[in-house]
Amino acid sequence: MVLYFSATGNTKFIAEEIAARLGDEAMDLLERIKAGDYSEIRSEKPFVICAPAHVCEMPRFFAEFIDRVKLAGNENVYYVFTSGGYAGIAASLAKRQAKHKGMKYCGAAEFKMPRNYPVSRHYPLLSEEENKQRIKASYERIPAVVDRIGRGEKLKYRHIFLFELIITLPFNPVWTGKMHKTTPFYATDKCIGCGKCEKLCPVNRITMQEGHPKWEGICAHCMACLSGCPVEAIEYRDRTEGKYRYTFNKFGKEFRSK
Ligand SMILES: Cc1cc2nc3c(=O)[nH]c(=O)nc-3n(C[C@H](O)[C@H](O)[C@H](O)COP(=O)(O)O)c2cc1C
């Protein structure tokens, strides 16, 4: 069973390709995460848990969900991360998570995919050409990863250095607490009040009020709302004006094998 969360489609693409090649099922966890539904998920085949890298880890809300959900049947668990180039300590935390769940950690793989974070001033979106190159390179690497999973072999992840853990673990709560505010999000006059943003938000920070989205608290900054808005009505302070919204479907449709 391939389990995934994906805000802008990169992880969904990788998860679905892996599942199709394994003859397995891909399950989008969004609804379960939103509902806090931790009821049992059973699989006779190994679990493959797929997530984007957020600030060098799995998104915290996703890690917390996986911590709590009951995974039954097969005790083997693989992890797959999509990243903009550096998934940081995600694999270390995954190993620890699997151990805490009493499951057998079978390694991790990282797929370098297009960036999806237009909010950042330091981490610009890539050109169309670069996006396509990254998707193509990842697509071509999927069979090698699937072969190992299919044969029950471990996935080999690079060595994670102690300094990476030291830098990331204490820094992340500060970063996400201070930088992942929702107050700068707003909907422009283009908003049609469809409520898609509310449905896409994995951490339920958006409510529709008088036909327009309102954000509250700290969120994951996953970009599901901003990139998933069908009329590109969502902006973040003055950081996103004039920038394109990244979604996998804009750049990678041709690589889907089904
Ligand atoms: C809030 C946020 C933080 C991110 N942090 C990282 C990071 O630390 N390292 C990295 O390589 N990519 C980072 N990215 C890029 C995503 O991991 C990458 O684009 C991923 O493939 C998106 O997956 P999705 O389309 O399934 O949501 C970040 C993206 C967001 C939105």
# chains A, B, ... in the order shown; residues from 1 in each chain; ligands from 1

$ closest_atom_pairs --of "stretch 8-118 of chain A" --to "stretch 169-187 of chain A" --cutoff "10 Å" --atoms "only C-alpha atoms" --output "Markdown table"
| residue | atom | partner | partner_atom | distance |
| --- | --- | --- | --- | --- |
| A:His54 | CA | A:Thr176 | CA | 9.6 |
| A:Val55 | CA | A:Asn172 | CA | 6.9 |
| A:Cys56 | CA | A:Asn172 | CA | 8.5 |
| A:Glu57 | CA | A:Asn172 | CA | 8.8 |
| A:Arg60 | CA | A:Pro173 | CA | 9.5 |
| A:Ile89 | CA | A:Leu169 | CA | 8.7 |
| A:Leu93 | CA | A:Leu169 | CA | 9.9 |

$ write_last_selection --atoms "all heavy atoms" --output "PDB file, in the first residue's frame"
ATOM      1  N   HIS A  54       9.510  19.207   3.701  1.00  0.00           N
ATOM      2  CA  HIS A  54       9.202  20.564   4.145  1.00  0.00           C
ATOM      3  C   HIS A  54      10.221  20.963   5.199  1.00  0.00           C
ATOM      4  O   HIS A  54      10.271  20.342   6.264  1.00  0.00           O
ATOM      5  CB  HIS A  54       7.800  20.638   4.768  1.00  0.00           C
ATOM      6  CG  HIS A  54       6.701  20.748   3.765  1.00  0.00           C
ATOM      7  ND1 HIS A  54       5.387  20.959   4.128  1.00  0.00           N
ATOM      8  CD2 HIS A  54       6.710  20.693   2.405  1.00  0.00           C
ATOM      9  CE1 HIS A  54       4.632  21.021   3.030  1.00  0.00           C
ATOM     10  NE2 HIS A  54       5.405  20.856   1.977  1.00  0.00           N
ATOM     11  N   VAL A  55      11.013  21.971   4.889  1.00  0.00           N
ATOM     12  CA  VAL A  55      12.033  22.445   5.824  1.00  0.00           C
ATOM     13  C   VAL A  55      12.888  21.264   6.319  1.00  0.00           C
ATOM     14  O   VAL A  55      13.072  21.049   7.515  1.00  0.00           O
ATOM     15  CB  VAL A  55      11.420  23.242   6.998  1.00  0.00           C
ATOM     16  CG1 VAL A  55      12.491  24.112   7.645  1.00  0.00           C
ATOM     17  CG2 VAL A  55      10.261  24.094   6.553  1.00  0.00           C
ATOM     18  N   CYS A  56      13.341  20.485   5.333  1.00  0.00           N
ATOM     19  CA  CYS A  56      14.307  19.391   5.581  1.00  0.00           C
ATOM     20  C   CYS A  56      13.753  18.192   6.342  1.00  0.00           C
ATOM     21  O   CYS A  56      14.515  17.375   6.871  1.00  0.00           O
ATOM     22  CB  CYS A  56      15.558  19.904   6.311  1.00  0.00           C
ATOM     23  SG  CYS A  56      16.250  21.359   5.581  1.00  0.00           S
ATOM     24  N   GLU A  57      12.433  18.093   6.444  1.00  0.00           N
ATOM     25  CA  GLU A  57      11.805  16.953   7.115  1.00  0.00           C
ATOM     26  C   GLU A  57      10.557  16.563   6.333  1.00  0.00           C
ATOM     27  O   GLU A  57      10.167  17.254   5.394  1.00  0.00           O
ATOM     28  CB  GLU A  57      11.280  17.347   8.506  1.00  0.00           C
ATOM     29  CG  GLU A  57      12.273  17.794   9.499  1.00  0.00           C
ATOM     30  CD  GLU A  57      11.581  18.133  10.819  1.00  0.00           C
ATOM     31  OE1 GLU A  57      10.395  17.773  11.010  1.00  0.00           O
ATOM     32  OE2 GLU A  57      12.225  18.770  11.653  1.00  0.00           O
ATOM     33  N   ARG A  60       5.468  18.295   9.390  1.00  0.00           N
ATOM     34  CA  ARG A  60       5.187  17.824  10.768  1.00  0.00           C
ATOM     35  C   ARG A  60       3.787  17.254  10.918  1.00  0.00           C
ATOM     36  O   ARG A  60       3.587  16.263  11.615  1.00  0.00           O
ATOM     37  CB  ARG A  60       5.390  18.971  11.753  1.00  0.00           C
ATOM     38  CG  ARG A  60       6.845  19.397  11.819  1.00  0.00           C
ATOM     39  CD  ARG A  60       7.455  19.003  13.131  1.00  0.00           C
ATOM     40  NE  ARG A  60       8.904  19.152  13.042  1.00  0.00           N
ATOM     41  CZ  ARG A  60       9.680  19.542  14.041  1.00  0.00           C
ATOM     42  NH1 ARG A  60       9.160  19.850  15.193  1.00  0.00           N
ATOM     43  NH2 ARG A  60      10.987  19.615  13.862  1.00  0.00           N
ATOM     44  N   ILE A  89      16.938  15.770   6.873  1.00  0.00           N
ATOM     45  CA  ILE A  89      16.982  14.669   7.835  1.00  0.00           C
ATOM     46  C   ILE A  89      15.732  13.799   7.784  1.00  0.00           C
ATOM     47  O   ILE A  89      15.490  12.982   8.676  1.00  0.00           O
ATOM     48  CB  ILE A  89      17.194  15.200   9.273  1.00  0.00           C
ATOM     49  CG1 ILE A  89      16.009  16.084   9.708  1.00  0.00           C
ATOM     50  CG2 ILE A  89      18.508  15.966   9.373  1.00  0.00           C
ATOM     51  CD1 ILE A  89      16.001  16.397  11.190  1.00  0.00           C
ATOM     52  N   LEU A  93      14.434  10.741  10.532  1.00  0.00           N
ATOM     53  CA  LEU A  93      13.207  10.790  11.328  1.00  0.00           C
ATOM     54  C   LEU A  93      12.267   9.659  10.942  1.00  0.00           C
ATOM     55  O   LEU A  93      11.555   9.101  11.784  1.00  0.00           O
ATOM     56  CB  LEU A  93      12.518  12.151  11.162  1.00  0.00           C
ATOM     57  CG  LEU A  93      13.363  13.346  11.624  1.00  0.00           C
ATOM     58  CD1 LEU A  93      12.622  14.648  11.422  1.00  0.00           C
ATOM     59  CD2 LEU A  93      13.750  13.206  13.091  1.00  0.00           C
TER      60      LEU A  93
END

$ residues_around --residues "stretch 251-255 of chain A" --least-positions-apart "3" --cutoff "9 Å" --atoms "only C-alpha atoms" --output "number ranges by chain"
A: 10, 13, 128, 131-132, 135-136, 139, 246-248, 258

$ residues_around --residues "stretch 20-32 of chain A" --least-positions-apart "6" --cutoff "6 Å" --atoms "only C-alpha atoms" --output "PDB file with C-alpha atoms, in the first residue's frame"
ATOM      1  CA  MET A   1       0.000   0.000   0.000  1.00  0.00           C
ATOM      2  CA  VAL A   2       1.392   3.350  -1.061  1.00  0.00           C
ATOM      3  CA  LEU A   3       0.274   6.154   1.267  1.00  0.00           C
ATOM      4  CA  TYR A   4       0.869   9.770   0.380  1.00  0.00           C
ATOM      5  CA  PHE A   5       0.218  13.426   0.972  1.00  0.00           C
TER       6      PHE A   5
END

$ closest_atom_pairs --of "chain A" --to "ligand 1" --cutoff "6 Å" --atoms "only C-alpha atoms and all ligand atoms" --output "CSV"
residue,atom,partner,partner_atom_place_in_ligand_line,distance
A:Ser6,CA,ligand 1,26 (O),3.5
A:Ala7,CA,ligand 1,27 (O),3.5
A:Thr8,CA,ligand 1,25 (O),3.4
A:Gly9,CA,ligand 1,25 (O),4.0
A:Asn10,CA,ligand 1,25 (O),3.7
A:Thr11,CA,ligand 1,26 (O),3.6
A:Lys12,CA,ligand 1,26 (O),5.8
A:Pro52,CA,ligand 1,23 (O),4.3
A:Ala53,CA,ligand 1,17 (O),3.8
A:His54,CA,ligand 1,5 (N),3.5
A:Val55,CA,ligand 1,8 (O),3.3
A:Cys56,CA,ligand 1,8 (O),3.6
A:Thr82,CA,ligand 1,21 (O),4.2
A:Ser83,CA,ligand 1,17 (O),3.6
A:Gly84,CA,ligand 1,11 (O),3.4
A:Gly85,CA,ligand 1,11 (O),3.8
A:Tyr86,CA,ligand 1,11 (O),3.5
A:Ala87,CA,ligand 1,9 (N),4.9
A:Met113,CA,ligand 1,21 (O),5.0
A:Pro114,CA,ligand 1,19 (O),5.2
A:Arg115,CA,ligand 1,19 (O),3.7
A:Asn116,CA,ligand 1,19 (O),4.5
A:Tyr117,CA,ligand 1,31 (C),4.8
A:His221,CA,ligand 1,1 (C),4.6
A:Cys222,CA,ligand 1,31 (C),4.1
A:Met223,CA,ligand 1,31 (C),5.4

$ closest_residue --among "A:Ala63, A:Ala90, A:Ile18, A:Ala72" --to "A:Ile160" --atoms "only C-alpha atoms"
A:Ala90

$ closest_residue --among "A:Arg151, A:Arg68, A:Gln209, A:Glu216" --to "A:Ser39" --atoms "only C-alpha atoms"
A:Arg68

$ residues_around --residues "A:Ala233" --least-positions-apart "4" --cutoff "10 Å" --atoms "only C-alpha atoms" --output "PyMOL selection string"
chain A and resi 186-193+225-229

$ closest_residue --among "A:Phe161, A:Tyr123, A:Phe81, A:Phe61" --to "A:Phe111" --atoms "only C-alpha atoms"
A:Phe81

$ closest_residue --among "A:Arg237, A:Arg256, A:His159, A:Lys45" --to "A:Asn74" --atoms "only C-alpha atoms"
A:Lys45

$ select_by_dssp --residues "stretch 69-180 of chain A" --states "strand (DSSP E or B)" --output "list of chain:residue names"
A:Leu71, A:Ala72, A:Gly73, A:Asn76, A:Val77, A:Tyr78, A:Tyr79, A:Val80, A:Phe81, A:Thr82, A:Ser83, A:Lys104, A:Tyr105, A:Cys106, A:Gly107, A:Ala108, A:Ala109, A:Glu110, A:Phe111, A:Lys112, A:Leu155

$ atom_distance --atom1 "atom CA of A:Arg42" --atom2 "atom CA of A:Arg96"
21.1 Å

$ decode --residues "stretch 163-208 of chain A" --atoms "C-alpha atoms" --output "PDB file, in the first residue's frame"
ATOM      1  CA  PHE A 163      25.429  18.322  12.098  1.00  0.00           C
ATOM      2  CA  GLU A 164      22.349  18.115   9.870  1.00  0.00           C
ATOM      3  CA  LEU A 165      20.307  16.815  12.780  1.00  0.00           C
ATOM      4  CA  ILE A 166      21.768  19.426  15.122  1.00  0.00           C
ATOM      5  CA  ILE A 167      20.936  22.261  12.741  1.00  0.00           C
ATOM      6  CA  THR A 168      17.496  21.032  11.746  1.00  0.00           C
ATOM      7  CA  LEU A 169      15.846  19.615  14.842  1.00  0.00           C
ATOM      8  CA  PRO A 170      15.917  22.728  17.075  1.00  0.00           C
ATOM      9  CA  PHE A 171      15.625  25.176  14.176  1.00  0.00           C
ATOM     10  CA  ASN A 172      12.481  23.791  12.607  1.00  0.00           C
ATOM     11  CA  PRO A 173       9.923  24.666  15.283  1.00  0.00           C
ATOM     12  CA  VAL A 174      11.297  28.228  15.288  1.00  0.00           C
ATOM     13  CA  TRP A 175      11.130  28.471  11.531  1.00  0.00           C
ATOM     14  CA  THR A 176       7.690  26.960  11.141  1.00  0.00           C
ATOM     15  CA  GLY A 177       6.309  28.843  14.146  1.00  0.00           C
ATOM     16  CA  LYS A 178       7.519  32.272  13.026  1.00  0.00           C
ATOM     17  CA  MET A 179       7.556  31.902   9.255  1.00  0.00           C
ATOM     18  CA  HIS A 180       4.484  29.824   8.597  1.00  0.00           C
ATOM     19  CA  LYS A 181       1.941  32.420   9.644  1.00  0.00           C
ATOM     20  CA  THR A 182      -1.298  32.501   7.712  1.00  0.00           C
ATOM     21  CA  THR A 183      -2.085  36.203   8.177  1.00  0.00           C
ATOM     22  CA  PRO A 184      -0.278  37.221   4.939  1.00  0.00           C
ATOM     23  CA  PHE A 185      -2.534  34.986   2.810  1.00  0.00           C
ATOM     24  CA  TYR A 186      -5.459  36.736   1.157  1.00  0.00           C
ATOM     25  CA  ALA A 187      -7.906  36.215  -1.679  1.00  0.00           C
ATOM     26  CA  THR A 188      -8.132  38.868  -4.384  1.00  0.00           C
ATOM     27  CA  ASP A 189     -11.214  40.036  -6.294  1.00  0.00           C
ATOM     28  CA  LYS A 190     -10.676  37.105  -8.649  1.00  0.00           C
ATOM     29  CA  CYS A 191     -11.961  34.747  -5.922  1.00  0.00           C
ATOM     30  CA  ILE A 192     -15.102  32.916  -7.042  1.00  0.00           C
ATOM     31  CA  GLY A 193     -15.883  31.526  -3.600  1.00  0.00           C
ATOM     32  CA  CYS A 194     -15.633  27.890  -4.723  1.00  0.00           C
ATOM     33  CA  GLY A 195     -14.163  26.715  -1.414  1.00  0.00           C
ATOM     34  CA  LYS A 196     -11.536  24.500  -3.041  1.00  0.00           C
ATOM     35  CA  CYS A 197      -8.813  26.047  -0.864  1.00  0.00           C
ATOM     36  CA  GLU A 198     -10.706  25.050   2.275  1.00  0.00           C
ATOM     37  CA  LYS A 199     -11.012  21.473   1.027  1.00  0.00           C
ATOM     38  CA  LEU A 200      -7.332  21.263   0.063  1.00  0.00           C
ATOM     39  CA  CYS A 201      -5.928  22.563   3.361  1.00  0.00           C
ATOM     40  CA  PRO A 202      -4.546  19.545   5.235  1.00  0.00           C
ATOM     41  CA  VAL A 203      -4.469  21.353   8.566  1.00  0.00           C
ATOM     42  CA  ASN A 204      -7.925  22.981   8.352  1.00  0.00           C
ATOM     43  CA  ARG A 205      -6.720  26.577   8.713  1.00  0.00           C
ATOM     44  CA  ILE A 206      -9.100  27.930   6.054  1.00  0.00           C
ATOM     45  CA  THR A 207     -12.795  28.572   6.534  1.00  0.00           C
ATOM     46  CA  MET A 208     -15.130  30.131   4.010  1.00  0.00           C
TER      47      MET A 208
END
